[in-house]
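Enquirer: Input protein-v9.pdb, format and content: PDB, C-alpha atoms, pLDDT in the B column.
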```pdb
ATOM      1  CA  MET J 267      28.449   0.058 -13.936  1.00 65.00           C
ATOM      2  CA  ALA J 268      26.467  -1.678 -11.286  1.00 88.00           C
ATOM      3  CA  ILE J 269      23.333  -2.064  -9.294  1.00 92.00           C
ATOM      4  CA  SER J 270      23.417  -2.746  -5.576  1.00 95.00           C
ATOM      5  CA  ILE J 271      20.786  -4.687  -3.725  1.00 96.00           C
ATOM      6  CA  THR J 272      20.419  -4.151   0.008  1.00 97.00           C
ATOM      7  CA  GLN J 273      20.128  -7.053   2.432  1.00 97.00           C
ATOM      8  CA  SER J 274      16.389  -6.582   2.933  1.00 96.00           C
ATOM      9  CA  ALA J 275      15.784  -6.369  -0.838  1.00 97.00           C
ATOM     10  CA  GLN J 276      17.814  -9.554  -1.339  1.00 97.00           C
ATOM     11  CA  GLU J 277      15.692 -11.311   1.275  1.00 96.00           C
ATOM     12  CA  LYS J 278      12.429 -10.215  -0.348  1.00 95.00           C
ATOM     13  CA  LEU J 279      13.631 -11.261  -3.825  1.00 96.00           C
ATOM     14  CA  ALA J 280      14.814 -14.632  -2.503  1.00 95.00           C
ATOM     15  CA  LYS J 281      11.468 -15.130  -0.746  1.00 93.00           C
ATOM     16  CA  ALA J 282       9.624 -14.293  -3.973  1.00 93.00           C
ATOM     17  CA  LEU J 283      11.633 -16.953  -5.845  1.00 94.00           C
ATOM     18  CA  LEU J 284      11.145 -19.585  -3.176  1.00 92.00           C
ATOM     19  CA  GLY J 285       8.988 -22.416  -4.479  1.00 85.00           C
ATOM     20  CA  LYS J 286       8.867 -20.945  -7.997  1.00 89.00           C
ATOM     21  CA  LYS J 287      10.483 -23.875  -9.763  1.00 87.00           C
ATOM     22  CA  ASP J 288       9.910 -22.467 -13.273  1.00 91.00           C
ATOM     23  CA  SER J 289      11.679 -19.203 -12.527  1.00 93.00           C
ATOM     24  CA  VAL J 290      15.450 -18.879 -12.615  1.00 92.00           C
ATOM     25  CA  ALA J 291      15.635 -15.214 -11.689  1.00 95.00           C
ATOM     26  CA  LEU J 292      13.752 -11.964 -11.304  1.00 96.00           C
ATOM     27  CA  ARG J 293      13.894  -9.275 -13.934  1.00 97.00           C
ATOM     28  CA  LEU J 294      13.983  -5.589 -13.150  1.00 96.00           C
ATOM     29  CA  ALA J 295      12.978  -3.468 -16.111  1.00 94.00           C
ATOM     30  CA  VAL J 296      12.131   0.129 -16.840  1.00 91.00           C
ATOM     31  CA  VAL J 297       8.882   0.642 -18.702  1.00 89.00           C
ATOM     32  CA  ARG J 298       7.180   3.763 -20.023  1.00 85.00           C
ATOM     33  CA  SER J 299       4.269   4.467 -17.705  1.00 77.00           C
ATOM     34  CA  GLY J 300       3.137   6.374 -14.665  1.00 66.00           C
ATOM     35  CA  CYS J 301       2.690  10.090 -14.121  1.00 69.00           C
ATOM     36  CA  ALA J 302       6.434  10.831 -14.291  1.00 66.00           C
ATOM     37  CA  GLY J 303       7.097   8.926 -17.526  1.00 79.00           C
ATOM     38  CA  PHE J 304       8.908   5.769 -16.473  1.00 86.00           C
ATOM     39  CA  SER J 305       8.285   3.104 -13.923  1.00 86.00           C
ATOM     40  CA  TYR J 306      10.000   0.025 -12.589  1.00 90.00           C
ATOM     41  CA  ARG J 307       8.729  -3.444 -13.213  1.00 91.00           C
ATOM     42  CA  LEU J 308       9.632  -6.715 -11.549  1.00 94.00           C
ATOM     43  CA  ASP J 309       8.868 -10.017 -13.228  1.00 94.00           C
ATOM     44  CA  TYR J 310       9.705 -13.665 -12.936  1.00 95.00           C
ATOM     45  CA  VAL J 311      12.216 -14.929 -15.498  1.00 95.00           C
ATOM     46  CA  ARG J 312      12.137 -18.372 -17.076  1.00 93.00           C
ATOM     47  CA  GLN J 313      15.237 -17.849 -19.181  1.00 92.00           C
ATOM     48  CA  ILE J 314      18.123 -15.424 -18.943  1.00 94.00           C
ATOM     49  CA  GLU J 315      18.880 -13.672 -22.249  1.00 94.00           C
ATOM     50  CA  SER J 316      22.416 -13.234 -23.615  1.00 94.00           C
ATOM     51  CA  GLU J 317      22.310  -9.424 -23.352  1.00 94.00           C
ATOM     52  CA  ASP J 318      21.077  -9.424 -19.755  1.00 95.00           C
ATOM     53  CA  THR J 319      23.279  -8.262 -16.929  1.00 95.00           C
ATOM     54  CA  VAL J 320      23.012 -10.653 -13.989  1.00 95.00           C
ATOM     55  CA  TRP J 321      23.490 -10.044 -10.274  1.00 95.00           C
ATOM     56  CA  ASP J 322      23.765 -13.008  -7.945  1.00 95.00           C
ATOM     57  CA  PHE J 323      22.624 -12.883  -4.361  1.00 94.00           C
ATOM     58  CA  PRO J 324      21.969 -15.631  -1.804  1.00 94.00           C
ATOM     59  CA  GLY J 325      18.788 -17.346  -2.901  1.00 92.00           C
ATOM     60  CA  GLY J 326      18.504 -15.924  -6.399  1.00 94.00           C
ATOM     61  CA  LYS J 327      19.515 -13.749  -9.308  1.00 96.00           C
ATOM     62  CA  LEU J 328      18.381 -10.373 -10.559  1.00 96.00           C
ATOM     63  CA  VAL J 329      18.651  -9.641 -14.267  1.00 96.00           C
ATOM     64  CA  VAL J 330      18.358  -6.379 -16.176  1.00 96.00           C
ATOM     65  CA  ASP J 331      18.079  -5.994 -19.943  1.00 96.00           C
ATOM     66  CA  LYS J 332      20.454  -3.735 -21.870  1.00 94.00           C
ATOM     67  CA  GLU J 333      18.000  -0.884 -22.522  1.00 93.00           C
ATOM     68  CA  SER J 334      16.717  -0.764 -18.943  1.00 93.00           C
ATOM     69  CA  PHE J 335      20.246  -0.819 -17.602  1.00 93.00           C
ATOM     70  CA  LYS J 336      20.945   2.571 -19.225  1.00 91.00           C
ATOM     71  CA  LEU J 337      18.381   4.030 -16.825  1.00 91.00           C
ATOM     72  CA  LEU J 338      19.381   1.924 -13.832  1.00 92.00           C
ATOM     73  CA  ASP J 339      23.150   2.251 -13.585  1.00 91.00           C
ATOM     74  CA  GLY J 340      24.085   3.149 -10.018  1.00 93.00           C
ATOM     75  CA  LEU J 341      20.705   2.064  -8.621  1.00 94.00           C
ATOM     76  CA  VAL J 342      20.439   0.987  -5.007  1.00 96.00           C
ATOM     77  CA  LEU J 343      17.504  -1.376  -4.721  1.00 96.00           C
ATOM     78  CA  ASP J 344      16.086  -1.394  -1.219  1.00 96.00           C
ATOM     79  CA  TYR J 345      13.052  -2.982   0.429  1.00 96.00           C
ATOM     80  CA  ILE J 346      11.415  -1.084   3.248  1.00 95.00           C
ATOM     81  CA  LYS J 347       9.095  -2.632   5.803  1.00 92.00           C
ATOM     82  CA  ASP J 348       6.656  -0.457   7.682  1.00 90.00           C
ATOM     83  CA  PRO J 349       3.947  -2.134   9.764  1.00 89.00           C
ATOM     84  CA  PHE J 350       1.234  -1.236   7.266  1.00 92.00           C
ATOM     85  CA  LYS J 351       3.198  -1.256   4.041  1.00 90.00           C
ATOM     86  CA  GLU J 352       6.204  -3.031   2.564  1.00 93.00           C
ATOM     87  CA  ARG J 353       7.730  -1.948  -0.710  1.00 91.00           C
ATOM     88  CA  PHE J 354      10.774  -1.774  -2.925  1.00 93.00           C
ATOM     89  CA  VAL J 355      12.499   1.569  -2.936  1.00 90.00           C
ATOM     90  CA  PHE J 356      14.522   2.504  -5.987  1.00 90.00           C
ATOM     91  CA  ASN J 357      17.303   4.919  -5.177  1.00 91.00           C
ATOM     92  CA  ASN J 358      18.211   5.776  -8.729  1.00 90.00           C
ATOM     93  CA  PRO J 359      20.837   8.405  -9.525  1.00 88.00           C
ATOM     94  CA  LYS J 360      19.487   8.558 -13.100  1.00 86.00           C
ATOM     95  CA  ALA J 361      16.033   9.627 -11.920  1.00 84.00           C
ATOM     96  CA  THR J 362      15.620  13.386 -11.828  1.00 82.00           C
ATOM     97  CA  GLY J 363      12.028  13.534 -10.624  1.00 77.00           C
ATOM     98  CA  SER J 364       9.494  11.158  -9.239  1.00 73.00           C
ATOM     99  CA  CYS J 365       5.792  10.725  -8.685  1.00 68.00           C
ATOM    100  CA  GLY J 366       4.397  11.384  -5.206  1.00 62.00           C
ATOM    101  CA  CYS J 367       4.004   7.729  -4.443  1.00 62.00           C
ATOM    102  CA  GLY J 368       7.474   6.868  -5.814  1.00 61.00           C
ATOM    103  CA  GLU J 369       6.093   4.482  -8.417  1.00 66.00           C
ATOM    104  CA  SER J 370       7.223   6.393 -11.452  1.00 70.00           C
ATOM    105  CA  PHE J 371      10.149   8.641 -12.294  1.00 73.00           C
ATOM    106  CA  SER J 372      11.536  10.946 -14.921  1.00 77.00           C
ATOM    107  CA  VAL J 373      15.054  11.237 -16.351  1.00 72.00           C
ATOM    108  CA  ALA J 374      17.128  14.086 -17.769  1.00 71.00           C
ATOM    109  CA  LYS J 375      16.746  14.319 -21.543  1.00 61.00           C
TER     110      LYS J 375
ATOM    111  CA  MET I 287     -34.255  26.848  18.193  1.00 48.00           C
ATOM    112  CA  LYS I 288     -36.203  23.725  19.113  1.00 51.00           C
ATOM    113  CA  ARG I 289     -36.617  22.811  15.468  1.00 59.00           C
ATOM    114  CA  THR I 290     -32.832  22.927  14.903  1.00 58.00           C
ATOM    115  CA  SER I 291     -32.124  20.548  17.754  1.00 69.00           C
ATOM    116  CA  GLU I 292     -34.845  18.168  16.595  1.00 71.00           C
ATOM    117  CA  LYS I 293     -33.306  18.161  13.165  1.00 71.00           C
ATOM    118  CA  SER I 294     -29.836  17.457  14.500  1.00 86.00           C
ATOM    119  CA  VAL I 295     -31.133  14.542  16.582  1.00 87.00           C
ATOM    120  CA  GLN I 296     -32.753  13.145  13.437  1.00 87.00           C
ATOM    121  CA  ASP I 297     -29.468  13.646  11.542  1.00 86.00           C
ATOM    122  CA  LEU I 298     -27.597  11.737  14.217  1.00 84.00           C
ATOM    123  CA  LEU I 299     -30.092   8.875  14.092  1.00 86.00           C
ATOM    124  CA  ASP I 300     -29.967   8.755  10.284  1.00 86.00           C
ATOM    125  CA  ASN I 301     -26.210   8.792  10.392  1.00 83.00           C
ATOM    126  CA  ALA I 302     -26.082   5.942  12.909  1.00 84.00           C
ATOM    127  CA  ALA I 303     -28.537   3.914  10.830  1.00 86.00           C
ATOM    128  CA  GLU I 304     -26.435   4.495   7.709  1.00 84.00           C
ATOM    129  CA  ASN I 305     -23.293   3.416   9.566  1.00 83.00           C
ATOM    130  CA  GLN I 306     -25.075   0.245  10.574  1.00 82.00           C
ATOM    131  CA  ARG I 307     -26.362  -0.448   7.087  1.00 84.00           C
ATOM    132  CA  ARG I 308     -23.048   0.073   5.314  1.00 87.00           C
ATOM    133  CA  ARG I 309     -20.549  -1.548   7.624  1.00 90.00           C
ATOM    134  CA  ILE I 310     -16.861  -1.851   6.907  1.00 94.00           C
ATOM    135  CA  GLU I 311     -15.524  -5.317   6.213  1.00 94.00           C
ATOM    136  CA  LEU I 312     -12.131  -6.914   6.726  1.00 95.00           C
ATOM    137  CA  THR I 313     -10.947  -9.745   4.516  1.00 96.00           C
ATOM    138  CA  GLU I 314      -9.364 -12.813   6.095  1.00 96.00           C
ATOM    139  CA  ALA I 315      -5.914 -11.695   4.846  1.00 96.00           C
ATOM    140  CA  ALA I 316      -6.339  -8.272   6.458  1.00 96.00           C
ATOM    141  CA  LEU I 317      -7.559  -9.836   9.683  1.00 96.00           C
ATOM    142  CA  GLN I 318      -4.561 -12.182   9.904  1.00 96.00           C
ATOM    143  CA  LYS I 319      -2.093  -9.368   9.160  1.00 95.00           C
ATOM    144  CA  ILE I 320      -3.588  -7.088  11.830  1.00 95.00           C
ATOM    145  CA  LYS I 321      -3.481  -9.965  14.323  1.00 94.00           C
ATOM    146  CA  SER I 322       0.164 -10.684  13.619  1.00 93.00           C
ATOM    147  CA  LEU I 323       1.100  -6.979  13.864  1.00 93.00           C
ATOM    148  CA  ILE I 324      -0.639  -6.721  17.234  1.00 92.00           C
ATOM    149  CA  GLU I 325       1.125  -9.888  18.415  1.00 92.00           C
ATOM    150  CA  GLU I 326       4.467  -8.385  17.380  1.00 91.00           C
ATOM    151  CA  GLU I 327       3.682  -5.272  19.432  1.00 90.00           C
ATOM    152  CA  ARG I 328       2.854  -7.480  22.439  1.00 90.00           C
ATOM    153  CA  ASP I 329      -0.037  -5.252  23.450  1.00 90.00           C
ATOM    154  CA  LYS I 330      -3.502  -6.761  23.277  1.00 87.00           C
ATOM    155  CA  GLU I 331      -5.112  -3.371  23.959  1.00 91.00           C
ATOM    156  CA  LEU I 332      -4.068  -2.085  20.551  1.00 94.00           C
ATOM    157  CA  LYS I 333      -6.712  -1.198  18.031  1.00 96.00           C
ATOM    158  CA  LEU I 334      -6.194  -0.466  14.393  1.00 96.00           C
ATOM    159  CA  ARG I 335      -7.152   3.096  13.622  1.00 97.00           C
ATOM    160  CA  ILE I 336      -7.875   4.037  10.030  1.00 96.00           C
ATOM    161  CA  PHE I 337      -8.209   7.715   9.248  1.00 95.00           C
ATOM    162  CA  ILE I 338      -8.404   9.905   6.213  1.00 92.00           C
ATOM    163  CA  THR I 339      -6.439  13.063   5.680  1.00 90.00           C
ATOM    164  CA  GLY I 340      -6.122  15.460   2.776  1.00 84.00           C
ATOM    165  CA  GLY I 341      -3.138  14.657   0.599  1.00 76.00           C
ATOM    166  CA  GLY I 342      -1.694  12.407  -2.067  1.00 69.00           C
ATOM    167  CA  CYS I 343      -2.120  12.845  -5.795  1.00 68.00           C
ATOM    168  CA  SER I 344      -5.881  12.222  -5.679  1.00 69.00           C
ATOM    169  CA  GLY I 345      -6.834  14.541  -2.834  1.00 79.00           C
ATOM    170  CA  TYR I 346      -7.468  12.221   0.094  1.00 86.00           C
ATOM    171  CA  GLN I 347      -5.195   9.716   1.736  1.00 87.00           C
ATOM    172  CA  TYR I 348      -5.687   6.612   3.847  1.00 90.00           C
ATOM    173  CA  ASN I 349      -3.674   6.385   7.048  1.00 92.00           C
ATOM    174  CA  PHE I 350      -3.154   3.484   9.419  1.00 94.00           C
ATOM    175  CA  ALA I 351      -1.976   3.569  13.022  1.00 95.00           C
ATOM    176  CA  PHE I 352      -2.213   1.593  16.218  1.00 95.00           C
ATOM    177  CA  ASP I 353      -4.089   3.273  19.027  1.00 95.00           C
ATOM    178  CA  ARG I 354      -4.927   2.227  22.582  1.00 95.00           C
ATOM    179  CA  GLU I 355      -7.594   4.902  23.013  1.00 94.00           C
ATOM    180  CA  ILE I 356     -11.114   5.247  21.732  1.00 95.00           C
ATOM    181  CA  GLU I 357     -12.153   8.867  21.256  1.00 94.00           C
ATOM    182  CA  GLU I 358     -15.655  10.249  21.655  1.00 93.00           C
ATOM    183  CA  GLY I 359     -17.747   9.568  18.547  1.00 92.00           C
ATOM    184  CA  ASP I 360     -15.404   6.883  17.189  1.00 95.00           C
ATOM    185  CA  ILE I 361     -17.006   3.962  15.447  1.00 94.00           C
ATOM    186  CA  LEU I 362     -15.689   0.704  16.844  1.00 95.00           C
ATOM    187  CA  TYR I 363     -15.687  -2.601  15.021  1.00 95.00           C
ATOM    188  CA  GLU I 364     -14.759  -5.880  16.644  1.00 94.00           C
ATOM    189  CA  MET I 365     -14.126  -8.643  14.163  1.00 92.00           C
ATOM    190  CA  GLY I 366     -12.421 -11.978  14.621  1.00 91.00           C
ATOM    191  CA  GLY I 367     -10.498 -10.846  17.684  1.00 91.00           C
ATOM    192  CA  VAL I 368      -9.276  -7.496  16.366  1.00 94.00           C
ATOM    193  CA  SER I 369     -10.632  -4.022  16.991  1.00 95.00           C
ATOM    194  CA  LEU I 370     -10.898  -1.368  14.344  1.00 95.00           C
ATOM    195  CA  VAL I 371     -11.592   2.260  15.287  1.00 97.00           C
ATOM    196  CA  ILE I 372     -12.522   5.023  12.906  1.00 96.00           C
ATOM    197  CA  ASP I 373     -13.375   8.628  13.684  1.00 96.00           C
ATOM    198  CA  PRO I 374     -16.829   9.724  12.481  1.00 93.00           C
ATOM    199  CA  GLN I 375     -15.598  12.012   9.665  1.00 92.00           C
ATOM    200  CA  SER I 376     -13.304   9.371   8.202  1.00 94.00           C
ATOM    201  CA  HIS I 377     -16.019   6.778   8.621  1.00 94.00           C
ATOM    202  CA  MET I 378     -18.320   8.705   6.297  1.00 91.00           C
ATOM    203  CA  TYR I 379     -15.745   8.242   3.519  1.00 90.00           C
ATOM    204  CA  LEU I 380     -15.275   4.563   4.326  1.00 93.00           C
ATOM    205  CA  ARG I 381     -18.846   3.315   4.626  1.00 92.00           C
ATOM    206  CA  GLY I 382     -19.292   0.003   2.846  1.00 93.00           C
ATOM    207  CA  ALA I 383     -15.553  -0.357   2.191  1.00 94.00           C
ATOM    208  CA  GLN I 384     -13.683  -3.620   2.256  1.00 95.00           C
ATOM    209  CA  ILE I 385     -10.197  -3.652   3.749  1.00 95.00           C
ATOM    210  CA  ASP I 386      -7.808  -6.197   2.311  1.00 96.00           C
ATOM    211  CA  TYR I 387      -4.114  -7.006   2.668  1.00 95.00           C
ATOM    212  CA  GLU I 388      -2.311  -7.879  -0.532  1.00 93.00           C
ATOM    213  CA  GLU I 389       1.144  -9.376  -0.912  1.00 91.00           C
ATOM    214  CA  ASN I 390       2.868  -9.648  -4.253  1.00 89.00           C
ATOM    215  CA  LEU I 391       6.228  -9.343  -5.935  1.00 90.00           C
ATOM    216  CA  GLU I 392       6.336  -5.562  -5.509  1.00 86.00           C
ATOM    217  CA  GLY I 393       5.564  -5.568  -1.807  1.00 91.00           C
ATOM    218  CA  ALA I 394       2.702  -5.872   0.601  1.00 93.00           C
ATOM    219  CA  ARG I 395       0.080  -3.401   1.771  1.00 92.00           C
ATOM    220  CA  PHE I 396      -3.401  -2.822   3.052  1.00 93.00           C
ATOM    221  CA  VAL I 397      -5.761  -2.122   0.173  1.00 91.00           C
ATOM    222  CA  ILE I 398      -9.085  -0.392   0.651  1.00 92.00           C
ATOM    223  CA  HIS I 399     -11.830  -1.213  -1.811  1.00 91.00           C
ATOM    224  CA  ASN I 400     -13.903   1.871  -1.281  1.00 90.00           C
ATOM    225  CA  PRO I 401     -17.270   2.420  -2.973  1.00 89.00           C
ATOM    226  CA  ASN I 402     -17.025   6.128  -2.065  1.00 86.00           C
ATOM    227  CA  ALA I 403     -13.777   6.630  -3.969  1.00 81.00           C
ATOM    228  CA  GLY I 404     -13.960   8.065  -7.477  1.00 77.00           C
ATOM    229  CA  SER I 405     -10.447   7.440  -8.686  1.00 72.00           C
ATOM    230  CA  THR I 406      -7.504   5.955  -6.873  1.00 70.00           C
ATOM    231  CA  CYS I 407      -3.847   6.815  -7.303  1.00 65.00           C
ATOM    232  CA  SER I 408      -1.762   4.006  -8.833  1.00 60.00           C
ATOM    233  CA  CYS I 409      -0.075   3.319  -5.512  1.00 62.00           C
ATOM    234  CA  GLY I 410      -3.476   2.942  -3.841  1.00 62.00           C
ATOM    235  CA  SER I 411      -2.784   5.217  -0.905  1.00 63.00           C
ATOM    236  CA  SER I 412      -4.687   8.195  -2.191  1.00 63.00           C
ATOM    237  CA  PHE I 413      -8.146   8.623  -3.715  1.00 67.00           C
ATOM    238  CA  SER I 414     -10.671  11.182  -4.830  1.00 69.00           C
ATOM    239  CA  ALA I 415     -14.138  11.218  -3.285  1.00 61.00           C
ATOM    240  CA  ASN I 416     -17.120  10.468  -5.466  1.00 61.00           C
ATOM    241  CA  CYS I 417     -19.713  12.185  -3.379  1.00 46.00           C
ATOM    242  CA  THR I 418     -20.156  14.541  -0.507  1.00 44.00           C
ATOM    243  CA  PRO I 419     -20.828  12.236   2.426  1.00 43.00           C
TER     244      PRO I 419
END
```
Mind turning this structure into structure tokens?
Expert:
Amino acid sequence: MAISITQSAQEKLAKALLGKKDSVALRLAVVRSGCAGFSYRLDYVRQIESEDTVWDFPGGKLVVDKESFKLLDGLVLDYIKDPFKERFVFNNPKATGSCGCGESFSVAK
Amino acid sequence: MKRTSEKSVQDLLDNAAENQRRRIELTEAALQKIKSLIEEERDKELKLRIFITGGGCSGYQYNFAFDREIEEGDILYEMGGVSLVIDPQSHMYLRGAQIDYEENLEGARFVIHNPNAGSTCSCGSSFSANCTP
């Protein structure tokens, strides 16, 4: 039961939290949207909830709520930098299909 | 025969005038990003080439590359110390567009605000064309 965060993803998350004094962590959640049914959402967190699972990394914390975690177990969160585009890449063993641009995904029923 | 060539000369002139009227713009953020990418490559001859290919969920796709060469017919822009080159076909789909660079929590990318695009895919890299250029 875990999520792993690559070095480059940790750096991006830490950079995003830098200077955000009100935010204690970043939240990764799964929401219903996109052409494949579900998509990932990152948000700033002011307060960590009791049912959240928390991952610590140098420079910050990533939290995931209980419902989202069911669709994220085993996820490898990566951040890829191309010259013209930088983005998070979600290598999710629970995802069975994904949209062309990788923004949304589907899961086995 | 003569009439055809006269017409094509007029087409070329109209096309050039339209290119001039609806120029492509770079935002300050885009300009700074292109500058820093070129500095990283340590090659001042590099130009940013933007071109459109078929593909993506909306039919057409934006592509970015660095190029040292200018091909025949390319439209060249020089703005704030950077050069932008666009082939004539792609340019028709990009007339009047504004090129921006956006950084947020999810990542960072070049964003094209394109008046010729009908709809744009959620990831912003693909679009459908509103009109026949």
Enquirer: Between J:Glu317, J:Ala268, J:Val355, J:Ser334, which one has atoms that come closest to Phe304 (chain J), using all atoms listed in the file?
Expert: J:Ser334
Enquirer: Just say which residues the ChimeraX specification (/J :<6) & /I picks in this file, as a ChimeraX atom specification.
Expert: /I:393-395
Enquirer: Could you please take those selected residues and save C-alpha atoms as a short mmCIF file (atom, residue, chain, number, x, y, z; two decimals), in the coordinates of the input?
Expert:
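Printed below is result-v3.cif as written:
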```
data_model
loop_
_atom_site.label_atom_id
_atom_site.label_comp_id
_atom_site.auth_asym_id
_atom_site.auth_seq_id
_atom_site.Cartn_x
_atom_site.Cartn_y
_atom_site.Cartn_z
CA GLY I 393 5.56 -5.57 -1.81
CA ALA I 394 2.70 -5.87 0.60
CA ARG I 395 0.08 -3.40 1.77
#
```
Enquirer: Selected by the PyMOL selection byres ((chain I and resi 319-330) around 9) in the shown coordinates: which residues, as a list in words?
Expert: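 With the PyMOL selection byres ((chain I and resi 319-330) around 9) on this model, the match is Pro349 and Phe350 of chain J; Glu314, Ala315, Ala316, Leu317, Gln318, Glu331, Leu332, Lys333, Leu334, Phe352, Arg354, Gly367, Val368 and Tyr387 of chain I.
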Enquirer: For the residues selected in the previous step, produce a file with C-alpha atoms as a PDB file, keeping the file's coordinate frame.
Expert:
```
ATOM      1  CA  PRO J 349       3.947  -2.134   9.764  1.00 89.00           C
ATOM      2  CA  PHE J 350       1.234  -1.236   7.266  1.00 92.00           C
TER       3      PHE J 350
ATOM      4  CA  GLU I 314      -9.364 -12.813   6.095  1.00 96.00           C
ATOM      5  CA  ALA I 315      -5.914 -11.695   4.846  1.00 96.00           C
ATOM      6  CA  ALA I 316      -6.339  -8.272   6.458  1.00 96.00           C
ATOM      7  CA  LEU I 317      -7.559  -9.836   9.683  1.00 96.00           C
ATOM      8  CA  GLN I 318      -4.561 -12.182   9.904  1.00 96.00           C
ATOM      9  CA  GLU I 331      -5.112  -3.371  23.959  1.00 91.00           C
ATOM     10  CA  LEU I 332      -4.068  -2.085  20.551  1.00 94.00           C
ATOM     11  CA  LYS I 333      -6.712  -1.198  18.031  1.00 96.00           C
ATOM     12  CA  LEU I 334      -6.194  -0.466  14.393  1.00 96.00           C
ATOM     13  CA  PHE I 352      -2.213   1.593  16.218  1.00 95.00           C
ATOM     14  CA  ARG I 354      -4.927   2.227  22.582  1.00 95.00           C
ATOM     15  CA  GLY I 367     -10.498 -10.846  17.684  1.00 91.00           C
ATOM     16  CA  VAL I 368      -9.276  -7.496  16.366  1.00 94.00           C
ATOM     17  CA  TYR I 387      -4.114  -7.006   2.668  1.00 95.00           C
TER      18      TYR I 387
END
```
Enquirer: So that I can see what lies close to Gln384 (chain I), please list as a PDB file with C-alpha atoms, in the frame of the given file the residues with an atom at most 8 Å from it, counting all atoms listed in the file and leaving out residues fewer than 3 positions away in the same chain.
Expert:
```
ATOM      1  CA  ILE I 310     -16.861  -1.851   6.907  1.00 94.00           C
ATOM      2  CA  GLU I 311     -15.524  -5.317   6.213  1.00 94.00           C
ATOM      3  CA  LEU I 312     -12.131  -6.914   6.726  1.00 95.00           C
ATOM      4  CA  THR I 313     -10.947  -9.745   4.516  1.00 96.00           C
ATOM      5  CA  ILE I 398      -9.085  -0.392   0.651  1.00 92.00           C
ATOM      6  CA  HIS I 399     -11.830  -1.213  -1.811  1.00 91.00           C
ATOM      7  CA  ASN I 400     -13.903   1.871  -1.281  1.00 90.00           C
TER       8      ASN I 400
END
```
Enquirer: Starting from the shown file, work through the PyMOL selection byres ((chain J and resi 271-275) around 7) and note down what comes out as a PyMOL selection string.
Expert: chain J and resi 269-270+276-279+342-345
Enquirer: Put those residues in a file: C-alpha atoms, as a PDB file, in the frame of the given file.
Expert:
```
ATOM      1  CA  ILE J 269      23.333  -2.064  -9.294  1.00 92.00           C
ATOM      2  CA  SER J 270      23.417  -2.746  -5.576  1.00 95.00           C
ATOM      3  CA  GLN J 276      17.814  -9.554  -1.339  1.00 97.00           C
ATOM      4  CA  GLU J 277      15.692 -11.311   1.275  1.00 96.00           C
ATOM      5  CA  LYS J 278      12.429 -10.215  -0.348  1.00 95.00           C
ATOM      6  CA  LEU J 279      13.631 -11.261  -3.825  1.00 96.00           C
ATOM      7  CA  VAL J 342      20.439   0.987  -5.007  1.00 96.00           C
ATOM      8  CA  LEU J 343      17.504  -1.376  -4.721  1.00 96.00           C
ATOM      9  CA  ASP J 344      16.086  -1.394  -1.219  1.00 96.00           C
ATOM     10  CA  TYR J 345      13.052  -2.982   0.429  1.00 96.00           C
TER      11      TYR J 345
END
```
Enquirer: Record the distance separating CA of Asp300 (chain I) and CA of Ile372 (chain I), expressed in Å with one decimal.
Expert: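 CA of Ile372 (chain I) lies 18.0 Å from CA of Asp300 (chain I).
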